[in-house]
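A.B. asks: Following this line is target.csv, made up of CSV, C-alpha atoms:
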```csv
chain,number,residue,atom,x,y,z
Z,1,ILE,CA,0.0,0.0,0.0
Z,2,PRO,CA,1.5,3.4,-1.0
Z,3,GLY,CA,3.0,5.2,2.0
Z,4,PHE,CA,3.5,2.1,4.1
Z,5,ALA,CA,7.0,1.2,3.1
Z,6,ASP,CA,9.2,0.9,6.3
Z,7,PHE,CA,6.0,1.3,8.3
Z,8,ASN,CA,7.5,-0.1,11.6
Z,9,GLU,CA,10.4,2.3,11.4
Z,10,LYS,CA,8.1,5.2,10.7
Z,11,CYS,CA,6.0,4.4,13.7
Z,12,ASP,CA,9.1,4.8,15.9
Z,13,GLN,CA,9.7,8.3,14.7
Z,14,PRO,CA,9.0,11.0,17.3
Z,15,GLY,CA,5.7,12.6,16.4
Z,16,GLY,CA,4.8,9.8,14.0
Z,17,PHE,CA,4.4,10.3,10.3
Z,18,TYR,CA,2.0,11.5,7.7
Z,19,LEU,CA,0.5,9.1,5.2
Z,20,GLY,CA,-0.9,11.9,3.0
Z,21,ASN,CA,-4.5,12.4,1.8
Z,22,ALA,CA,-4.9,12.6,-2.0
Z,23,ALA,CA,-8.5,14.0,-1.8
Z,24,ALA,CA,-7.3,16.8,0.5
Z,25,ASP,CA,-4.6,17.6,-2.1
Z,26,LEU,CA,-7.3,17.5,-4.8
Z,27,ARG,CA,-5.6,14.5,-6.5
Z,28,PHE,CA,-8.1,11.9,-7.8
Z,29,ASN,CA,-7.0,8.6,-9.4
Z,30,THR,CA,-9.9,8.6,-11.9
Z,31,PRO,CA,-9.9,8.8,-15.7
Z,32,THR,CA,-11.1,12.5,-15.4
Z,33,GLN,CA,-8.7,13.3,-12.6
Z,34,LYS,CA,-11.7,14.7,-10.7
Z,35,ALA,CA,-13.9,13.3,-7.9
Z,36,GLU,CA,-16.6,11.0,-9.3
Z,37,PHE,CA,-19.8,10.3,-7.6
Z,38,SER,CA,-22.3,7.5,-8.2
Z,39,SER,CA,-25.5,6.4,-6.6
Z,40,ALA,CA,-27.1,3.1,-5.9
Z,41,ALA,CA,-30.5,2.0,-4.8
Z,42,LEU,CA,-30.9,1.3,-1.1
Z,43,PRO,CA,-31.2,-2.4,-0.3
Z,44,ALA,CA,-34.8,-3.6,0.0
Z,45,SER,CA,-34.1,-4.9,3.5
Z,46,LEU,CA,-34.0,-1.3,4.7
Z,47,PHE,CA,-37.7,-0.9,3.9
Z,48,PRO,CA,-39.6,-4.0,5.0
Z,49,LEU,CA,-42.9,-2.3,4.0
Z,50,ASP,CA,-44.0,-1.7,0.4
Z,51,VAL,CA,-42.0,1.3,-0.9
Z,52,ALA,CA,-45.3,3.0,-1.8
Z,53,GLU,CA,-46.1,3.2,1.9
Z,54,VAL,CA,-42.8,5.0,2.7
Z,55,PRO,CA,-43.1,8.7,1.9
Z,56,PHE,CA,-39.7,9.7,3.2
Z,57,THR,CA,-36.2,8.4,4.0
Z,58,LEU,CA,-34.7,10.1,7.1
Z,59,GLN,CA,-31.0,10.4,7.6
Z,60,THR,CA,-29.7,11.5,11.0
Z,61,LEU,CA,-26.7,13.8,11.1
Z,62,ARG,CA,-24.5,15.9,13.3
Z,63,SER,CA,-24.6,19.7,13.6
Z,64,HIS,CA,-21.5,21.9,13.2
Z,65,ASP,CA,-21.0,22.1,17.0
Z,66,GLN,CA,-21.3,18.4,17.7
Z,67,TYR,CA,-18.7,15.7,18.1
Z,68,ASN,CA,-20.4,12.2,17.9
Z,69,THR,CA,-23.2,12.5,20.5
Z,70,THR,CA,-21.6,15.4,22.5
Z,71,ILE,CA,-23.4,18.6,21.7
Z,72,TYR,CA,-21.5,21.8,22.4
Z,73,GLY,CA,-24.1,24.3,21.4
Z,74,LEU,CA,-27.4,24.9,19.6
Z,75,ASP,CA,-25.9,26.4,16.4
Z,76,ASP,CA,-25.3,24.7,13.0
Z,77,ARG,CA,-23.5,27.3,10.8
Z,78,TYR,CA,-23.2,24.7,8.0
Z,79,ARG,CA,-27.0,24.7,7.6
Z,80,GLY,CA,-28.0,28.1,9.0
Z,81,VAL,CA,-29.7,26.8,12.1
Z,82,TYR,CA,-29.3,28.8,15.3
Z,83,GLY,CA,-30.4,28.3,18.9
Z,84,GLN,CA,-32.3,25.0,18.2
Z,85,ARG,CA,-31.8,21.3,17.3
Z,86,GLU,CA,-35.3,19.9,17.0
Z,87,VAL,CA,-35.6,20.7,13.3
Z,88,VAL,CA,-36.2,18.5,10.2
Z,89,PHE,CA,-34.7,19.5,6.8
Z,90,ILE,CA,-37.1,18.9,3.9
Z,91,ASN,CA,-37.1,19.6,0.2
Z,92,PRO,CA,-39.3,22.7,-0.4
Z,93,GLU,CA,-41.3,20.9,-3.1
Z,94,ASP,CA,-42.0,18.1,-0.7
Z,95,MET,CA,-43.1,20.6,2.0
Z,96,GLN,CA,-45.4,22.3,-0.5
Z,97,ALA,CA,-46.8,19.0,-1.7
Z,98,LEU,CA,-47.8,18.1,1.8
Z,99,GLY,CA,-49.4,21.5,2.3
Z,100,PHE,CA,-46.9,22.4,5.1
Z,101,THR,CA,-45.1,25.7,5.6
Z,102,GLU,CA,-41.7,26.7,6.8
Z,103,GLY,CA,-41.5,26.7,10.6
Z,104,GLN,CA,-44.5,24.4,11.2
Z,105,LEU,CA,-44.1,21.8,13.9
Z,106,VAL,CA,-44.3,18.2,12.8
Z,107,ASP,CA,-44.1,14.7,14.3
Z,108,ILE,CA,-41.8,12.2,12.7
Z,109,GLU,CA,-42.9,8.5,12.8
Z,110,THR,CA,-41.0,5.5,11.8
Z,111,LEU,CA,-42.7,3.0,9.4
Z,112,TRP,CA,-41.5,-0.4,10.3
Z,113,ASN,CA,-43.0,-3.9,10.5
Z,114,ASP,CA,-42.5,-4.8,14.1
Z,115,ASN,CA,-45.6,-3.0,15.6
Z,116,ILE,CA,-43.4,-0.8,17.8
Z,117,SER,CA,-44.4,2.9,17.8
Z,118,ARG,CA,-41.4,5.2,17.2
Z,119,ARG,CA,-42.3,8.9,17.1
Z,120,VAL,CA,-40.6,12.2,18.0
Z,121,SER,CA,-42.8,15.3,18.3
Z,122,GLY,CA,-42.5,19.1,17.8
Z,123,PHE,CA,-39.8,19.3,15.1
Z,124,LYS,CA,-39.7,22.5,13.1
Z,125,LEU,CA,-39.8,22.2,9.3
Z,126,VAL,CA,-36.8,23.8,7.6
Z,127,PRO,CA,-36.8,23.9,3.8
Z,128,TYR,CA,-33.4,22.8,2.5
Z,129,ASN,CA,-31.7,21.7,-0.7
Z,130,ILE,CA,-32.1,18.0,-0.1
Z,131,PRO,CA,-33.4,15.5,-2.7
Z,132,ARG,CA,-37.1,14.9,-2.8
Z,133,GLY,CA,-38.3,12.1,-0.7
Z,134,ASN,CA,-35.5,12.6,1.8
Z,135,LEU,CA,-35.4,14.2,5.2
Z,136,ALA,CA,-32.6,15.0,7.6
Z,137,ALA,CA,-32.5,15.7,11.3
Z,138,TYR,CA,-30.0,15.8,14.1
Z,139,TYR,CA,-29.1,12.9,16.4
Z,140,PRO,CA,-29.3,11.9,19.2
Z,141,GLU,CA,-32.7,13.8,19.1
Z,142,THR,CA,-33.9,11.3,16.4
Z,143,ASN,CA,-32.3,8.2,17.7
Z,144,PRO,CA,-35.7,6.9,19.0
Z,145,LEU,CA,-36.8,6.5,15.4
Z,146,VAL,CA,-34.1,4.0,14.4
Z,147,PRO,CA,-35.5,0.4,14.7
Z,148,LEU,CA,-33.1,-1.8,16.8
Z,149,ASN,CA,-33.6,-4.6,14.3
Z,150,SER,CA,-32.5,-2.5,11.3
Z,151,PHE,CA,-28.7,-2.7,10.9
Z,152,GLY,CA,-26.1,-3.0,8.2
Z,153,ASP,CA,-25.8,-6.5,6.6
Z,154,ILE,CA,-22.0,-6.6,7.1
Z,155,SER,CA,-21.2,-3.9,9.6
Z,156,GLY,CA,-24.0,-4.5,12.1
Z,157,THR,CA,-24.4,-0.8,12.6
Z,158,PRO,CA,-27.8,0.9,13.0
Z,159,THR,CA,-29.3,2.2,9.8
Z,160,SER,CA,-29.6,5.7,11.1
Z,161,LYS,CA,-28.9,7.1,7.6
Z,162,SER,CA,-31.9,5.5,6.1
Z,163,VAL,CA,-35.0,5.4,8.3
Z,164,PRO,CA,-38.4,5.0,6.6
Z,165,VAL,CA,-40.7,7.7,8.1
Z,166,LYS,CA,-43.7,9.8,7.6
Z,167,LEU,CA,-44.5,13.3,8.8
Z,168,GLU,CA,-47.7,14.6,10.5
Z,169,LEU,CA,-48.6,18.0,11.7
Z,170,SER,CA,-47.7,18.1,15.4
Z,171,VAL,CA,-50.3,18.7,18.1
Z,172,PHE,CA,-47.4,19.4,20.4
Z,173,LEU,CA,-47.2,23.0,21.5
Z,174,PRO,CA,-43.7,24.5,22.3
Z,175,THR,CA,-45.1,25.8,25.7
Z,176,GLN,CA,-45.6,22.2,26.7
Z,177,ARG,CA,-41.9,21.5,26.7
Z,178,ILE,CA,-40.4,20.3,30.0
Z,179,ALA,CA,-37.3,22.3,30.8
```
In structure tokens, how does this file's structure come out?
C.D. replies:
Amino acid sequence: IPGFADFNEKCDQPGGFYLGNAAADLRFNTPTQKAEFSSAALPASLFPLDVAEVPFTLQTLRSHDQYNTTIYGLDDRYRGVYGQREVVFINPEDMQALGFTEGQLVDIETLWNDNISRRVSGFKLVPYNIPRGNLAAYYPETNPLVPLNSFGDISGTPTSKSVPVKLELSVFLPTQRIA
């Protein structure tokens, strides 16, 4: 593997050594010498229900001021969210098709075949440049939506990047929050 010649000797150097990062240097070993992206359909095992019954695929993500599950603040300068975390990012066309408006509060409910109710309430709709049929929200706030029996075939990790869900207008009022 390039960069691993004399690996054991390099490990003994004070301060270690740098392997390099071609992507960080904007070097891509592709025919075009540019980054190339591709897409693939998600495995059917991620959606045990009929796909027509699954209006959205939710991915959970971190905010700018978060490291794994440690949250250092309520701002996400990457996405223009400030002072809050209970938001759900939605394509503006999807929001319009549902008859929802920016800032409305919604409940997110998992659609799964194990008869366990998984729902989070009072998430603010934020229009965002995300593909239609997809939603995004922060974790750990949305961890309750991930079915425990939904995990990667090889990795065994929870499928928190592809949770089948639906949205409903929330009956939850912000003044009902427990401090």
A.B. asks: Interatomic distance between atom CA of Z:Val106 and atom CA of Z:Asp75?
C.D. replies: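 Spanning atom CA of Z:Val106 to atom CA of Z:Asp75 is a straight-line distance of 20.5 Å.
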A.B. asks: Can you work out the spacing between atom CA of Z:Ile1 and atom CA of Z:Phe17 in Å, to one decimal?
C.D. replies: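 Going from atom CA of Z:Ile1 over to atom CA of Z:Phe17, I get 15.2 Å.
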A.B. asks: Please report the interatomic distance between atom CA of Z:Pro127 and atom CA of Z:Asn68 in Å with one decimal.
C.D. replies: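 Computing it gives 24.6 Å between the two atoms.
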A.B. asks: Can you tell me which residues surround Z:Leu74 at a distance of at most 8 Å, considering only C-alpha atoms, apart from same-chain residues fewer than 3 positions away, and format the answer as an MDAnalysis selection string?
C.D. replies: chainID Z and resid 65 71 82:85
A.B. asks: Compile the contact shell of Z:Asn91 as a list of chain:residue names: residues with an atom at most 7 Å away, counting all atoms listed in the file, same-chain residues fewer than 2 positions apart removed.
C.D. replies: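 Returned residues: Z:Glu93, Z:Asp94, Z:Met95, Z:Pro127, Z:Tyr128, Z:Asn129, Z:Ile130, Z:Pro131, Z:Arg132.
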